[in-house]
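A.B. asks: Before anything else, here's the structure in question.
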Amino acid sequence: MSGLVVVLLAAALVVVVALLAAAAAGKLARLDGATYPTALSRAASTFAAVLTLAATLTGALATVLS
């Protein structure tokens with residue numbers, strides 16, 4: 001398997017996990033009685049947080065493993 005394929009599959013997996021977390025956060029916020037804009041804002045911040053966490057972990061692991 002090519003290294004590029006592995007990187008693309010890992011990136012796709014991270015995006016899917018971030019989307020699932022954002023959808024769950026938005027749904028939970030909506031069930032809690034938040035308005036649609038508030039729920040969308042919470043979902044967006046969760047999506048950004050998951051992507052930031054993945055980037056930070058990747059950078060830390062790249063530093064440790066190289």
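By convention in this document, the chains of the structure tokens carry letters A, B, ... by their order, each chain's residues are numbered from 1, and ligands are numbered from 1 in the order they are shown.
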If we count only C-alpha atoms, what is near stretch 24-34 of chain A at a cut-off of 6 Å, once residues fewer than 5 positions away on the same chain are taken out, given as a list in words?
C.D. replies: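 Non-adjacent residues within range: Ala39, Leu40 and Ala43 of chain A.
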A.B. asks: So that I can check the surroundings of stretch 52-62 of chain A, please list as number ranges by chain every protein, DNA and RNA residue that reaches within 10 Å of it, counting only C-alpha atoms and ignoring chain neighbours fewer than 2 positions away.
C.D. replies: A: 11, 14-15, 18, 46-50, 64-66
